[in-house]
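Working notes, beginning with the structure itself.
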Amino acid sequence: MRRKPLPDDALDATDRKILNVLQEGFPIEPAPFEKAGAELGLSGAELIERILNLREIGAITRFGPFFDAAAMGGAFCLCAMEVPAARFEDVMTLVNAHTEVAHNYERDHRLNMWFVLADMAPEGIDRVADLIEGETGLRVLRFPKLEEFFIGFKVTA
């Protein structure tokens, strides 16, 4: 399930506006899609349809909240693996099957798979990393977060 760059014409102006605006936040209220849609000139149903399409074409991988596990007593950990190229797809599928895994990226480096583990209990990090090692037969290097940096990462579509 490696992602390829989208064709230049895959996103129209409305799709780009949705991606840019929704990175700023999403309303928490009884009819959030209606409110967000209205701000974008869409009905709630149209917004939902476009978000589903963005996911289908691979422009986004998920749509949902980002919870700060550490602020709620849990933990985050950056992890890396050295995955043989012939096994990359299979290992990626095994790793991504864990709900605690987020932000899984392929890199052009000896350590070619990088992902974030987030768990509601700090000991959950080692539990999941150990499971992944058992399932893949590959070592999971763990780089626990020592300090929080807010970088305000946003991608302009």
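Residues in the structure tokens are numbered from 1 in each chain, the chains being A, B, ... in the order shown, and ligands are numbered from 1 in the order shown.
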
(request) List every residue of range 73-132 of chain A that DSSP, applied to the backbone of this structure, assigns to strand (DSSP E), and report them as an NGL selection string. (result) :A and (75-81 or 101-106 or 113-119)

Using C-alpha atoms, can you write the selected residues to a file as a JSON list (two decimals), in the first residue's frame?
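For reference, again.json as written:
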```
[["chain", "number", "residue", "atom", "x", "y", "z"],
["A", 75, "ALA", "CA", 3.24, 7.90, 25.85],
["A", 76, "PHE", "CA", 4.60, 8.41, 22.33],
["A", 77, "CYS", "CA", 7.67, 6.80, 20.84],
["A", 78, "LEU", "CA", 9.37, 7.24, 17.49],
["A", 79, "CYS", "CA", 10.40, 3.85, 16.12],
["A", 80, "ALA", "CA", 12.56, 2.70, 13.24],
["A", 81, "MET", "CA", 13.15, -0.62, 11.52],
["A", 101, "VAL", "CA", 0.82, 2.88, 15.07],
["A", 102, "ALA", "CA", 0.65, 6.25, 13.37],
["A", 103, "HIS", "CA", 2.73, 8.19, 10.85],
["A", 104, "ASN", "CA", 4.40, 5.20, 9.19],
["A", 105, "TYR", "CA", 6.88, 6.41, 6.57],
["A", 106, "GLU", "CA", 9.30, 4.77, 4.20],
["A", 113, "MET", "CA", 10.64, 2.28, 8.06],
["A", 114, "TRP", "CA", 9.83, 4.95, 10.64],
["A", 115, "PHE", "CA", 6.61, 5.15, 12.62],
["A", 116, "VAL", "CA", 5.18, 6.55, 15.82],
["A", 117, "LEU", "CA", 3.69, 4.41, 18.57],
["A", 118, "ALA", "CA", 1.14, 6.03, 20.87],
["A", 119, "ASP", "CA", -0.41, 4.22, 23.79]]
```

(message) Please list as a PyMOL selection string every residue within 12 Å of range 133-137 of chain A, counting only C-alpha atoms and excluding residues in the same chain fewer than 5 positions away.
(response) chain A and resi 79-84+87-98+126-128+142

(message) If I take CA of Asn112 in chain A and CA of Ala85 in chain A, how far is one from the other in Å, to one decimal?
(response) 8.9 Å

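Using only C-alpha atoms, the smallest distance between any of A:Ile18, A:Met120, A:Val140, A:Ile125 and Met72 in chain A comes from A:Met120.
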
(request) Give me, please, the distance in Å between CA of Arg16 in chain A and CA of Pro32 in chain A, quoted to one decimal. (result) 19.3 Å
